[in-house]
Amino acid sequence: MKTRAEVEEEIVEIVNRETRAWDTKDVDLLITVFHHDMVWPWPSTSDAHDPVDWVLVLGRFDGQRWKKVWRELFGTHALIHNRRQIKKVEVSEEGDGAFAVVDVDTLWRDRNGKDFHWKGRACKVYSRVGTDWKMTMHTGLLQY
């Protein structure tokens, strides 16, 4: 069994891999992060802390559908900046589940100069699947 420090390093790697995928607009790399049962709830606003106000924009993970959405975003928006800071990594006692708290400040700009800003704190939840870690859930970005 891996040590807690080794598992934390694996979680940091998957968070950093996701960040690299956004930075490079690499849809195929981004897809490697997600579990096939991933569901991604999103708050209606960055201060909608009550989940009663959240929505499901993409539904359950579907690689082809999600790739299409991100290719469209990447084709129509320039990435101005993508700043992410890991605030905490928590690992289950059994070493088979984990979450990372990540502060995100990602700014996209469309061809007309309109900004699309992702800013807030996320909780990214992971499960060990064989020898890999896969994201099973991710809260949308909230301001705290």
# chains A, B, ... in the order shown; residues from 1 in each chain; ligands from 1
>>> residues_around(residues="range 92-101 of chain A", least_positions_apart="5", cutoff="7 Å", atoms="only C-alpha atoms", output="list in words")
Val7, Ile86, Lys87, Arg121, Ala122, Cys123, Lys124, Val125, Tyr126, Ser127 and Arg128 of chain A
>>> residues_around(residues="range 52-58 of chain A", least_positions_apart="4", cutoff="6 Å", atoms="only C-alpha atoms", output="number ranges by chain")
A: 41-44
>>> write_last_selection(atoms="N, CA and C atoms", output="short mmCIF file (atom, residue, chain, number, x, y, z; two decimals), in the first residue's frame")
data_model
loop_
_atom_site.label_atom_id
_atom_site.label_comp_id
_atom_site.auth_asym_id
_atom_site.auth_seq_id
_atom_site.Cartn_x
_atom_site.Cartn_y
_atom_site.Cartn_z
N PRO A 41 -21.80 18.98 -11.09
CA PRO A 41 -22.79 20.02 -10.76
C PRO A 41 -22.14 21.40 -10.79
N TRP A 42 -22.92 22.39 -11.16
CA TRP A 42 -22.39 23.75 -11.29
C TRP A 42 -23.36 24.72 -10.60
N PRO A 43 -22.81 25.61 -9.76
CA PRO A 43 -23.69 26.60 -9.12
C PRO A 43 -24.16 27.64 -10.13
N SER A 44 -25.34 28.18 -9.89
CA SER A 44 -25.88 29.19 -10.80
C SER A 44 -25.06 30.48 -10.75
#
>>> select_by_dssp(residues="range 1-104 of chain A", states="helix (DSSP H, G or I)", output="ChimeraX atom specification")
/A:4-24,27-31,51-53,63-76
>>> select_by_dssp(residues="chain A", states="strand (DSSP E or B)", output="VMD selection string")
chain A and resid 34 to 39 41 to 43 54 to 56 77 to 91 97 to 110 115 to 129 132 to 138 142
>>> closest_residue(among="A:His35, A:Arg4, A:Arg20, A:Lys119", to="Trp133 in chain A", atoms="only C-alpha atoms")
A:His35
>>> residues_around(residues="Thr19 in chain A", least_positions_apart="5", cutoff="9 Å", atoms="only C-alpha atoms", output="list in words")
Ile14, Thr24, Leu30, Asn82, Arg83 and Arg84 of chain A
>>> write_last_selection(atoms="N, CA and C atoms", output="PDB file, in the first residue's frame")
ATOM      1  N   ILE A  14      -2.681  14.612 -10.898  1.00  0.00           N
ATOM      2  CA  ILE A  14      -3.895  14.643 -11.727  1.00  0.00           C
ATOM      3  C   ILE A  14      -4.476  16.065 -11.788  1.00  0.00           C
ATOM      4  N   THR A  24      -3.157  24.032 -22.548  1.00  0.00           N
ATOM      5  CA  THR A  24      -2.771  23.691 -23.914  1.00  0.00           C
ATOM      6  C   THR A  24      -3.975  23.394 -24.807  1.00  0.00           C
ATOM      7  N   LEU A  30      -7.370  16.175 -21.314  1.00  0.00           N
ATOM      8  CA  LEU A  30      -8.405  16.511 -20.341  1.00  0.00           C
ATOM      9  C   LEU A  30      -9.302  15.309 -20.048  1.00  0.00           C
ATOM     10  N   ASN A  82      -4.753  31.122 -16.749  1.00  0.00           N
ATOM     11  CA  ASN A  82      -5.304  29.954 -16.058  1.00  0.00           C
ATOM     12  C   ASN A  82      -4.465  29.733 -14.804  1.00  0.00           C
ATOM     13  N   ARG A  83      -4.890  30.343 -13.726  1.00  0.00           N
ATOM     14  CA  ARG A  83      -4.165  30.252 -12.458  1.00  0.00           C
ATOM     15  C   ARG A  83      -4.916  29.306 -11.530  1.00  0.00           C
ATOM     16  N   ARG A  84      -4.204  28.310 -11.060  1.00  0.00           N
ATOM     17  CA  ARG A  84      -4.813  27.328 -10.158  1.00  0.00           C
ATOM     18  C   ARG A  84      -3.871  27.077  -9.004  1.00  0.00           C
TER      19      ARG A  84
END
>>> closest_residue(among="A:His81, A:Arg71, A:His138, A:Arg17", to="Trp118 in chain A", atoms="only C-alpha atoms")
A:His81
>>> closest_residue(among="A:Lys134, A:Lys25, A:His117, A:Lys2", to="Glu72 in chain A", atoms="only C-alpha atoms")
A:Lys25
>>> residues_around(residues="Asp115 in chain A", least_positions_apart="5", cutoff="12 Å", atoms="only C-alpha atoms", output="PyMOL selection string")
chain A and resi 76-81+106-110
>>> write_last_selection(atoms="C-alpha atoms", output="compact mmCIF listing (two decimals), in the first residue's frame")
# COMPACT_ATOMS: atom_id res chain seq x y z
CA THR A 76 -14.04 30.25 -30.06
CA HIS A 77 -12.10 31.57 -27.04
CA ALA A 78 -8.54 32.59 -26.30
CA LEU A 79 -7.14 31.57 -22.93
CA ILE A 80 -5.97 34.78 -21.25
CA HIS A 81 -4.80 33.14 -18.04
CA THR A 106 -9.30 31.07 -15.53
CA LEU A 107 -10.13 33.80 -18.01
CA TRP A 108 -11.33 33.07 -21.54
CA ARG A 109 -12.06 35.76 -24.15
CA ASP A 110 -14.19 35.26 -27.25
>>> residues_around(residues="Lys67 in chain A", least_positions_apart="4", cutoff="12 Å", atoms="only C-alpha atoms", output="number ranges by chain")
A: 25-32, 34, 58, 61-63, 71-75
>>> closest_residue(among="A:Gln64, A:Thr131, A:Gln143, A:Thr136", to="Trp40 in chain A", atoms="only C-alpha atoms")
A:Thr136
